[in-house]
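> Next up, structure.txt (compact mmCIF, C-alpha atoms).
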# COMPACT_ATOMS: atom_id res chain seq x y z
CA MET A 36 26.58 -57.44 -39.59
CA SER A 37 24.55 -57.52 -42.81
CA VAL A 38 22.60 -54.46 -43.95
CA ILE A 39 19.36 -56.36 -43.32
CA ASP A 40 20.44 -56.98 -39.71
CA GLU A 41 21.10 -53.24 -39.39
CA VAL A 42 17.58 -52.60 -40.70
CA LEU A 43 16.18 -54.97 -38.06
CA ALA A 44 18.11 -53.12 -35.33
CA ALA A 45 16.72 -49.81 -36.64
CA ASN A 46 13.20 -51.27 -36.68
CA ALA A 47 13.54 -52.37 -33.04
CA ARG A 48 14.30 -48.73 -32.13
CA TYR A 49 11.60 -47.33 -34.46
CA LYS A 50 8.76 -49.39 -33.06
CA GLU A 51 9.08 -47.70 -29.64
CA THR A 52 7.83 -44.48 -31.28
CA HIS A 53 5.39 -46.02 -33.81
CA ASP A 54 1.99 -44.34 -33.90
CA ALA A 55 -0.46 -46.33 -36.03
CA SER A 56 -3.10 -43.60 -35.76
CA LEU A 57 -1.11 -41.29 -38.06
CA TYR A 58 -1.71 -43.25 -41.25
CA SER A 59 -4.68 -44.61 -43.13
CA PRO A 60 -4.43 -47.26 -45.85
CA SER A 61 -6.17 -44.77 -48.19
CA PRO A 62 -3.71 -42.18 -49.51
CA ARG A 63 -4.53 -38.82 -47.93
CA ARG A 64 -4.22 -36.93 -51.23
CA HIS A 65 -5.88 -39.59 -53.42
CA LEU A 66 -2.78 -39.83 -55.57
CA ALA A 67 -0.85 -42.76 -57.02
CA VAL A 68 2.67 -42.29 -58.41
CA LEU A 69 4.13 -44.85 -60.80
CA MET A 70 7.85 -44.16 -60.93
CA CYS A 71 11.28 -45.70 -61.29
CA MET A 72 12.95 -47.40 -58.30
CA ASP A 73 15.99 -45.14 -58.86
CA THR A 74 17.51 -43.81 -55.62
CA ARG A 75 17.52 -40.28 -57.08
CA LEU A 76 13.71 -40.02 -57.25
CA LEU A 77 12.80 -38.45 -53.91
CA SER A 78 9.30 -37.94 -52.56
CA ALA A 79 10.64 -34.60 -51.27
CA ALA A 80 11.02 -33.46 -54.90
CA LEU A 81 7.26 -33.97 -55.22
CA GLY A 82 6.39 -32.30 -51.92
CA LEU A 83 4.80 -35.55 -50.79
CA ASP A 84 4.84 -36.75 -47.23
CA PHE A 85 4.36 -40.30 -46.00
CA GLY A 86 0.69 -41.25 -46.20
CA ASP A 87 -0.07 -38.83 -49.03
CA ALA A 88 0.16 -41.21 -51.99
CA HIS A 89 0.69 -44.74 -53.20
CA PHE A 90 4.15 -45.22 -54.68
CA ILE A 91 4.29 -47.98 -57.26
CA ARG A 92 7.91 -48.49 -58.24
CA ASN A 93 9.78 -50.67 -60.69
CA ALA A 94 12.82 -50.40 -62.95
CA GLY A 95 12.02 -47.51 -65.29
CA GLY A 96 8.53 -46.61 -64.07
CA ILE A 97 6.98 -48.92 -66.66
CA ALA A 98 3.24 -49.59 -67.05
CA THR A 99 3.63 -53.35 -66.79
CA ASP A 100 0.70 -55.68 -66.07
CA ASP A 101 1.86 -55.56 -62.45
CA ALA A 102 1.73 -51.75 -62.35
CA ILE A 103 -1.77 -51.79 -63.88
CA ARG A 104 -2.87 -54.38 -61.28
CA SER A 105 -1.52 -52.16 -58.51
CA LEU A 106 -3.20 -49.04 -59.91
CA LEU A 107 -6.55 -50.84 -60.12
CA VAL A 108 -6.25 -51.81 -56.44
CA SER A 109 -5.22 -48.23 -55.61
CA HIS A 110 -8.16 -46.67 -57.48
CA TYR A 111 -11.02 -49.10 -56.85
CA MET A 112 -10.11 -50.31 -53.36
CA LEU A 113 -8.32 -47.30 -51.86
CA GLY A 114 -9.85 -44.30 -53.59
CA THR A 115 -7.01 -42.73 -55.58
CA LYS A 116 -8.21 -40.34 -58.29
CA GLU A 117 -5.04 -39.08 -59.97
CA VAL A 118 -2.00 -40.89 -61.34
CA MET A 119 1.45 -39.50 -62.11
CA VAL A 120 3.78 -41.57 -64.29
CA ILE A 121 7.37 -40.45 -63.74
CA ASN A 122 10.39 -41.57 -65.76
CA HIS A 123 13.74 -39.83 -65.39
CA THR A 124 16.86 -38.72 -67.24
CA ASP A 125 19.98 -40.93 -66.98
CA CYS A 126 17.83 -44.06 -66.38
CA GLY A 127 19.69 -47.38 -66.38
CA LEU A 128 17.19 -48.73 -68.93
CA MET A 129 18.44 -46.13 -71.47
CA LYS A 130 22.07 -47.21 -71.25
CA ALA A 131 21.84 -50.51 -73.11
CA THR A 132 19.49 -52.18 -75.56
CA GLU A 133 17.25 -55.06 -74.55
CA GLU A 134 19.69 -57.49 -76.19
CA GLU A 135 22.75 -55.92 -74.54
CA MET A 136 21.13 -56.17 -71.10
CA HIS A 137 20.45 -59.85 -71.69
CA GLN A 138 24.05 -60.39 -72.78
CA ILE A 139 25.53 -58.50 -69.80
CA ILE A 140 23.45 -60.44 -67.29
CA GLU A 141 23.85 -63.82 -68.97
CA THR A 142 27.63 -63.35 -68.89
CA LYS A 143 27.61 -62.34 -65.21
CA ALA A 144 25.14 -65.08 -64.22
CA GLY A 145 27.03 -67.68 -66.26
CA ARG A 146 23.89 -69.23 -67.77
CA PRO A 147 20.90 -68.45 -69.94
CA PRO A 148 17.68 -67.57 -68.08
CA ASN A 149 15.30 -70.41 -67.20
CA MET A 150 12.38 -67.97 -67.51
CA PRO A 151 12.04 -65.13 -70.02
CA VAL A 152 12.73 -61.54 -68.91
CA ARG A 153 11.84 -58.39 -70.82
CA PHE A 154 13.73 -55.41 -69.42
CA HIS A 155 11.75 -52.64 -71.20
CA ALA A 156 14.93 -50.82 -72.32
CA PHE A 157 14.22 -47.49 -74.02
CA LYS A 158 16.06 -44.62 -75.72
CA ASP A 159 13.81 -41.54 -75.55
CA VAL A 160 12.50 -40.79 -72.08
CA ALA A 161 9.60 -38.48 -73.09
CA LYS A 162 8.48 -40.96 -75.76
CA ASN A 163 8.69 -43.72 -73.18
CA VAL A 164 6.43 -41.82 -70.75
CA HIS A 165 3.94 -41.31 -73.58
CA GLU A 166 3.94 -45.05 -74.26
CA GLN A 167 3.33 -45.85 -70.61
CA LEU A 168 0.30 -43.52 -70.53
CA GLU A 169 -1.05 -45.17 -73.69
CA ARG A 170 -0.49 -48.58 -72.13
CA LEU A 171 -2.33 -47.65 -68.92
CA ALA A 172 -5.21 -46.16 -70.88
CA SER A 173 -5.50 -49.28 -73.04
CA HIS A 174 -6.92 -51.21 -70.09
CA ASN A 175 -10.66 -50.56 -70.04
CA TRP A 176 -10.74 -50.73 -66.22
CA VAL A 177 -8.51 -47.62 -66.13
CA ARG A 178 -11.59 -45.45 -66.61
CA LYS A 179 -11.60 -41.80 -67.56
CA GLU A 180 -12.49 -40.68 -64.00
CA LEU A 181 -8.90 -41.62 -63.13
CA THR A 182 -6.68 -38.69 -64.22
CA LEU A 183 -3.45 -39.84 -65.93
CA ARG A 184 -0.54 -37.46 -66.45
CA GLY A 185 3.09 -38.19 -67.34
CA PHE A 186 6.38 -36.51 -66.45
CA VAL A 187 10.12 -36.61 -66.96
CA TYR A 188 12.21 -35.94 -63.86
CA ASP A 189 15.61 -34.40 -64.52
CA VAL A 190 18.01 -35.92 -61.97
CA THR A 191 20.50 -33.08 -62.49
CA THR A 192 18.14 -30.13 -61.93
CA GLY A 193 15.40 -31.79 -59.84
CA HIS A 194 12.80 -30.45 -62.25
CA LEU A 195 9.64 -32.28 -63.41
CA THR A 196 8.49 -31.63 -66.99
CA GLU A 197 5.07 -32.75 -68.16
CA VAL A 198 4.82 -34.88 -71.31
CA PRO A 199 1.92 -33.68 -73.48
CA TRP A 200 -0.61 -36.47 -73.95
CA GLU A 201 -4.17 -36.50 -75.09
CA CYS A 202 -6.31 -39.01 -73.29
CA LYS A 203 -8.79 -40.78 -75.56
CA ARG A 204 -10.44 -43.13 -73.05
CA SER A 205 -14.14 -43.81 -73.01
CA MET B 1317 -6.27 -27.08 -58.21
CA SER B 1318 -5.63 -30.77 -58.72
CA VAL B 1319 -3.26 -32.67 -56.46
CA ILE B 1320 -0.88 -33.13 -59.40
CA ASP B 1321 -0.79 -29.34 -59.91
CA GLU B 1322 0.05 -28.98 -56.21
CA VAL B 1323 2.89 -31.48 -56.71
CA LEU B 1324 4.21 -29.41 -59.63
CA ALA B 1325 4.11 -26.25 -57.48
CA ALA B 1326 6.02 -28.11 -54.74
CA ASN B 1327 8.56 -29.33 -57.31
CA ALA B 1328 9.14 -25.74 -58.53
CA ARG B 1329 10.06 -24.80 -54.94
CA TYR B 1330 12.09 -27.98 -54.37
CA LYS B 1331 14.34 -27.58 -57.38
CA GLU B 1332 15.82 -24.36 -55.98
CA THR B 1333 17.47 -26.47 -53.27
CA HIS B 1334 18.17 -29.62 -55.32
CA ASP B 1335 21.69 -30.99 -54.92
CA ALA B 1336 22.40 -33.75 -57.45
CA SER B 1337 25.76 -34.53 -55.82
CA LEU B 1338 24.03 -36.08 -52.79
CA TYR B 1339 22.76 -39.20 -54.55
CA SER B 1340 24.25 -41.92 -56.70
CA PRO B 1341 22.17 -44.27 -58.88
CA SER B 1342 23.73 -47.18 -56.96
CA PRO B 1343 22.04 -47.68 -53.58
CA ARG B 1344 24.49 -46.65 -50.86
CA ARG B 1345 23.73 -49.70 -48.71
CA HIS B 1346 23.52 -52.22 -51.59
CA LEU B 1347 19.99 -53.14 -50.55
CA ALA B 1348 16.76 -53.67 -52.51
CA VAL B 1349 13.39 -53.76 -50.74
CA LEU B 1350 10.39 -55.37 -52.45
CA MET B 1351 7.36 -54.21 -50.51
CA CYS B 1352 3.70 -53.27 -50.73
CA MET B 1353 2.70 -49.81 -52.01
CA ASP B 1354 0.64 -49.37 -48.80
CA THR B 1355 0.91 -45.86 -47.29
CA ARG B 1356 1.63 -47.40 -43.87
CA LEU B 1357 4.97 -48.92 -44.90
CA LEU B 1358 7.46 -46.19 -44.05
CA SER B 1359 11.16 -46.16 -44.88
CA ALA B 1360 11.62 -44.65 -41.39
CA ALA B 1361 10.43 -47.95 -39.91
CA LEU B 1362 13.41 -49.56 -41.66
CA GLY B 1363 15.89 -46.86 -40.65
CA LEU B 1364 16.53 -46.21 -44.35
CA ASP B 1365 17.29 -42.79 -45.75
CA PHE B 1366 16.89 -41.67 -49.35
CA GLY B 1367 19.68 -43.07 -51.47
CA ASP B 1368 20.23 -46.10 -49.24
CA ALA B 1369 18.17 -48.68 -51.13
CA HIS B 1370 16.06 -49.47 -54.16
CA PHE B 1371 12.37 -49.61 -53.29
CA ILE B 1372 10.38 -51.85 -55.61
CA ARG B 1373 6.71 -51.48 -54.74
CA ASN B 1374 3.47 -53.01 -55.95
CA ALA B 1375 0.14 -54.05 -54.46
CA GLY B 1376 1.05 -56.67 -51.84
CA GLY B 1377 4.81 -56.79 -52.30
CA ILE B 1378 4.46 -59.66 -54.78
CA ALA B 1379 7.35 -61.30 -56.66
CA THR B 1380 5.80 -60.76 -60.08
CA ASP B 1381 7.76 -61.00 -63.33
CA ASP B 1382 8.04 -57.21 -63.10
CA ALA B 1383 9.53 -57.33 -59.61
CA ILE B 1384 12.04 -60.00 -60.72
CA ARG B 1385 12.98 -57.83 -63.73
CA SER B 1386 13.55 -54.86 -61.42
CA LEU B 1387 15.62 -56.91 -58.96
CA LEU B 1388 17.84 -58.20 -61.78
CA VAL B 1389 18.49 -54.60 -62.89
CA SER B 1390 19.15 -53.64 -59.26
CA HIS B 1391 21.61 -56.49 -58.65
CA TYR B 1392 23.47 -56.80 -61.96
CA MET B 1393 23.46 -53.16 -63.06
CA LEU B 1394 23.46 -51.27 -59.76
CA GLY B 1395 25.25 -53.55 -57.34
CA THR B 1396 22.64 -54.50 -54.73
CA LYS B 1397 23.60 -57.57 -52.69
CA GLU B 1398 20.70 -58.08 -50.27
CA VAL B 1399 16.94 -58.20 -50.80
CA MET B 1400 14.16 -57.78 -48.23
CA VAL B 1401 10.65 -58.92 -49.20
CA ILE B 1402 8.11 -57.19 -46.95
CA ASN B 1403 4.39 -57.96 -46.81
CA HIS B 1404 2.20 -56.52 -44.04
CA THR B 1405 -0.76 -57.20 -41.79
CA ASP B 1406 -4.15 -55.77 -42.81
CA CYS B 1407 -3.18 -55.81 -46.52
CA GLY B 1408 -5.98 -55.01 -48.98
CA LEU B 1409 -5.15 -58.20 -50.90
CA MET B 1410 -6.19 -60.26 -47.84
CA LYS B 1411 -9.65 -58.73 -47.62
CA ALA B 1412 -11.25 -60.39 -50.63
CA THR B 1413 -10.62 -63.43 -52.79
CA GLU B 1414 -9.34 -63.12 -56.34
CA GLU B 1415 -12.88 -63.70 -57.62
CA GLU B 1416 -14.44 -61.15 -55.24
CA MET B 1417 -11.92 -58.50 -56.31
CA HIS B 1418 -12.83 -59.11 -59.95
CA GLN B 1419 -16.53 -58.84 -59.12
CA ILE B 1420 -16.13 -55.62 -57.10
CA ILE B 1421 -14.13 -53.90 -59.84
CA GLU B 1422 -16.23 -55.18 -62.72
CA THR B 1423 -19.34 -53.80 -60.99
CA LYS B 1424 -17.69 -50.41 -60.36
CA ALA B 1425 -16.18 -50.24 -63.86
CA GLY B 1426 -19.43 -51.35 -65.47
CA ARG B 1427 -17.76 -53.77 -67.87
CA PRO B 1428 -15.64 -56.91 -67.98
CA PRO B 1429 -11.88 -56.35 -68.44
CA ASN B 1430 -10.49 -56.22 -71.98
CA MET B 1431 -7.19 -57.65 -70.66
CA PRO B 1432 -6.77 -60.25 -67.92
CA VAL B 1433 -5.75 -59.15 -64.42
CA ARG B 1434 -4.52 -61.38 -61.63
CA PHE B 1435 -4.63 -59.56 -58.30
CA HIS B 1436 -2.55 -62.05 -56.24
CA ALA B 1437 -5.05 -62.07 -53.35
CA PHE B 1438 -3.88 -64.06 -50.35
CA LYS B 1439 -5.04 -65.15 -46.89
CA ASP B 1440 -1.95 -65.93 -44.79
CA VAL B 1441 0.65 -63.17 -44.84
CA ALA B 1442 3.62 -65.24 -43.57
CA LYS B 1443 2.81 -68.02 -46.06
CA ASN B 1444 2.56 -65.40 -48.79
CA VAL B 1445 6.03 -64.01 -47.98
CA HIS B 1446 7.40 -67.56 -48.13
CA GLU B 1447 5.84 -68.02 -51.57
CA GLN B 1448 7.37 -64.77 -52.85
CA LEU B 1449 10.84 -65.88 -51.70
CA GLU B 1450 10.36 -69.22 -53.46
CA ARG B 1451 9.22 -67.42 -56.58
CA LEU B 1452 12.24 -65.11 -56.61
CA ALA B 1453 14.60 -68.02 -56.04
CA SER B 1454 13.01 -69.99 -58.89
CA HIS B 1455 14.60 -67.64 -61.43
CA ASN B 1456 18.10 -68.93 -62.12
CA TRP B 1457 19.43 -65.38 -62.62
CA VAL B 1458 18.61 -64.66 -58.94
CA ARG B 1459 21.88 -66.28 -57.94
CA LYS B 1460 22.84 -67.35 -54.45
CA GLU B 1461 25.25 -64.39 -54.01
CA LEU B 1462 22.09 -62.26 -53.70
CA THR B 1463 20.81 -62.64 -50.12
CA LEU B 1464 17.01 -63.05 -49.95
CA ARG B 1465 15.11 -62.62 -46.67
CA GLY B 1466 11.39 -62.16 -46.03
CA PHE B 1467 9.42 -60.25 -43.39
CA VAL B 1468 5.95 -59.41 -42.16
CA TYR B 1469 5.44 -55.79 -41.08
CA ASP B 1470 2.79 -55.30 -38.41
CA VAL B 1471 1.04 -51.99 -39.22
CA THR B 1472 -0.30 -51.76 -35.65
CA THR B 1473 2.96 -52.19 -33.77
CA GLY B 1474 5.48 -51.12 -36.41
CA HIS B 1475 7.39 -54.36 -35.87
CA LEU B 1476 9.10 -56.45 -38.57
CA THR B 1477 9.11 -60.24 -38.06
CA GLU B 1478 11.29 -62.48 -40.19
CA VAL B 1479 9.68 -65.41 -42.01
CA PRO B 1480 11.86 -68.53 -41.72
CA TRP B 1481 12.93 -69.71 -45.14
CA GLU B 1482 15.61 -72.04 -46.33
CA CYS B 1483 17.25 -71.00 -49.54
CA LYS B 1484 17.98 -73.90 -51.88
CA ARG B 1485 19.45 -72.03 -54.85
CA SER B 1486 22.48 -73.28 -56.75
Starting from the coordinates I provided, produce the structure as structure tokens.

Amino acid sequence: MSVIDEVLAANARYKETHDASLYSPSPRRHLAVLMCMDTRLLSAALGLDFGDAHFIRNAGGIATDDAIRSLLVSHYMLGTKEVMVINHTDCGLMKATEEEMHQIIETKAGRPPNMPVRFHAFKDVAKNVHEQLERLASHNWVRKELTLRGFVYDVTTGHLTEVPWECKRS
Amino acid sequence: MSVIDEVLAANARYKETHDASLYSPSPRRHLAVLMCMDTRLLSAALGLDFGDAHFIRNAGGIATDDAIRSLLVSHYMLGTKEVMVINHTDCGLMKATEEEMHQIIETKAGRPPNMPVRFHAFKDVAKNVHEQLERLASHNWVRKELTLRGFVYDVTTGHLTEVPWECKRS
């Protein structure tokens, strides 16, 4: 049995207890969290329950065009007012350079990519968070009414540390 | 007190009980889930616990370049072998056309965007899932060893329905 088939079996059991009235499409706490997809980033470490926030997740917690798109939908369509950007220690994107990641994957895949990929590898996690905040703020639809704050999550201690950043949006 | 300050207070309490030994960066069940950031999509509905899977989340559950990047990291660097793409009923991206979303946000923001945004609005959720599977499979680094399956989650009933799709990757 594949893992996906196990998920479908679990869903068949879950739906007997499903209560659609518990959740609204608008996050209860008006919060959006842009963070890495890493398994070690737990909503419990943020004290957030299901329904509290939008979680936008990708490799690294990078402010890609896709993350900005999602944040705009979250803010303008679903009423979020605060954004946390969370990167973490020991991130896979810190363990190789952009070029090394391309080489590793090209070797495993056995062919060059037919479409370009930029992995957004980085070395300094606090500096990387700062860059993501700057990138979000560079879009003029990310207006100053939307609070942006950035953090590093330490996967060893479970502690969030804020990255100082001065917002210069108009 | 802002919501983010409440999160930081919760994190200060959480870290007293943090146990780093419980989680590995490699998803325990070798699964990646690309799904919408919507608050109504719960990991409980999939029977997945923290540490089981990578969750890649954006508005809609769209196979953007960013989602493909994240899946490549998940598969080649962290050993995932199966991918679920999950879109859902009542998605915000089905409630307006691409042009209407631009108009709504431009009016609220009070200015045209300084960088282009494509929202990936859609009308038919099953058709949209099919398109995301095709898009993922179009990247030649998404090799056939990586199982791809697509689903529609019904937010009213809590039920996942598979979208038939024939994989033609080499």
> Identify all chain A residues at most 7 Å from chain B by counting only C-alpha atoms; ligands do not count. Present them as a ChimeraX atom specification.
/A:38,42,45-46,49-50,53,55,58-60,62,64,72-75,77,80-82,85-86,88-94,99,101-102,104-105,111,140,144,148-150,152,154,174-176,190-195
> Between atom CA of Tyr1469 of chain B and atom CA of Ile121 of chain A, measure the distance and give it in Å to one decimal.
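Going from atom CA of Tyr1469 of chain B over to atom CA of Ile121 of chain A covers 27.4 Å.
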> Using Å and a single decimal, report how far atom CA of Gln138 of chain A sits from atom CA of Arg1485 of chain B.
21.9 Å
> Return the padded bounding box of segment 1468-1479 of chain B as JSON: axis-aligned, built from all atoms listed in the file, 6 Å added on each side, with centre and edge lengths in Å to one decimal.

{"center_x": 5.5, "center_y": -58.3, "center_z": -38.0, "size_x": 23.6, "size_y": 26.3, "size_z": 20.4}
> Counting only C-alpha atoms, which residue out of B:Ala1437, B:Val1401, B:Leu1449, B:Val1468 sits closest to Glu1414 of chain B?
B:Ala1437
> Excluding Val198 of chain A and any residue of its chain fewer than 3 positions from it, enumerate the residues within 7 Å of it, using all atoms listed in the file, and give them as a list in words.
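So the residues in contact are Ala161, His165, Gly185 and Phe186 of chain A.
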> What's the separation between atom CA of Glu169 of chain A and atom CA of Gln1448 of chain B, in Å to one decimal place?
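Pair atom CA of Glu169 of chain A / atom CA of Gln1448 of chain B returns 29.8 Å.
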> Using the incomplete input, complete segment 1463-1480 of chain B to the level of N, CA and C atoms; output as a JSON list (two decimals), keeping the file's coordinate frame.

[["chain", "number", "residue", "atom", "x", "y", "z"],
["B", 1463, "THR", "N", 21.51, -62.22, -51.34],
["B", 1463, "THR", "CA", 20.81, -62.64, -50.12],
["B", 1463, "THR", "C", 19.32, -62.31, -50.24],
["B", 1464, "LEU", "N", 18.46, -63.28, -49.94],
["B", 1464, "LEU", "CA", 17.01, -63.05, -49.95],
["B", 1464, "LEU", "C", 16.46, -63.34, -48.56],
["B", 1465, "ARG", "N", 15.76, -62.37, -47.96],
["B", 1465, "ARG", "CA", 15.11, -62.62, -46.67],
["B", 1465, "ARG", "C", 13.72, -61.99, -46.68],
["B", 1466, "GLY", "N", 12.78, -62.63, -45.98],
["B", 1466, "GLY", "CA", 11.39, -62.16, -46.03],
["B", 1466, "GLY", "C", 10.86, -61.78, -44.66],
["B", 1467, "PHE", "N", 9.92, -60.81, -44.65],
["B", 1467, "PHE", "CA", 9.42, -60.25, -43.39],
["B", 1467, "PHE", "C", 7.94, -59.91, -43.47],
["B", 1468, "VAL", "N", 7.30, -59.95, -42.30],
["B", 1468, "VAL", "CA", 5.95, -59.41, -42.16],
["B", 1468, "VAL", "C", 6.05, -58.15, -41.31],
["B", 1469, "TYR", "N", 5.47, -57.05, -41.83],
["B", 1469, "TYR", "CA", 5.44, -55.79, -41.08],
["B", 1469, "TYR", "C", 4.05, -55.66, -40.44],
["B", 1470, "ASP", "N", 4.06, -55.45, -39.13],
["B", 1470, "ASP", "CA", 2.79, -55.30, -38.41],
["B", 1470, "ASP", "C", 2.43, -53.81, -38.39],
["B", 1471, "VAL", "N", 1.36, -53.43, -39.10],
["B", 1471, "VAL", "CA", 1.04, -51.99, -39.22],
["B", 1471, "VAL", "C", 0.55, -51.41, -37.89],
["B", 1472, "THR", "N", 0.14, -52.26, -36.94],
["B", 1472, "THR", "CA", -0.30, -51.76, -35.65],
["B", 1472, "THR", "C", 0.87, -51.45, -34.72],
["B", 1473, "THR", "N", 1.84, -52.36, -34.70],
["B", 1473, "THR", "CA", 2.96, -52.19, -33.77],
["B", 1473, "THR", "C", 4.21, -51.58, -34.41],
["B", 1474, "GLY", "N", 4.28, -51.61, -35.73],
["B", 1474, "GLY", "CA", 5.48, -51.12, -36.41],
["B", 1474, "GLY", "C", 6.63, -52.11, -36.42],
["B", 1475, "HIS", "N", 6.34, -53.35, -36.04],
["B", 1475, "HIS", "CA", 7.39, -54.36, -35.87],
["B", 1475, "HIS", "C", 7.54, -55.27, -37.10],
["B", 1476, "LEU", "N", 8.77, -55.51, -37.49],
["B", 1476, "LEU", "CA", 9.10, -56.45, -38.57],
["B", 1476, "LEU", "C", 9.42, -57.81, -37.99],
["B", 1477, "THR", "N", 8.80, -58.87, -38.51],
["B", 1477, "THR", "CA", 9.11, -60.24, -38.06],
["B", 1477, "THR", "C", 9.62, -61.04, -39.26],
["B", 1478, "GLU", "N", 10.74, -61.70, -39.08],
["B", 1478, "GLU", "CA", 11.29, -62.48, -40.19],
["B", 1478, "GLU", "C", 10.51, -63.77, -40.40],
["B", 1479, "VAL", "N", 10.34, -64.15, -41.65],
["B", 1479, "VAL", "CA", 9.68, -65.41, -42.01],
["B", 1479, "VAL", "C", 10.77, -66.43, -42.28],
["B", 1480, "PRO", "N", 10.80, -67.53, -41.49],
["B", 1480, "PRO", "CA", 11.86, -68.53, -41.72],
["B", 1480, "PRO", "C", 11.77, -69.10, -43.13]]
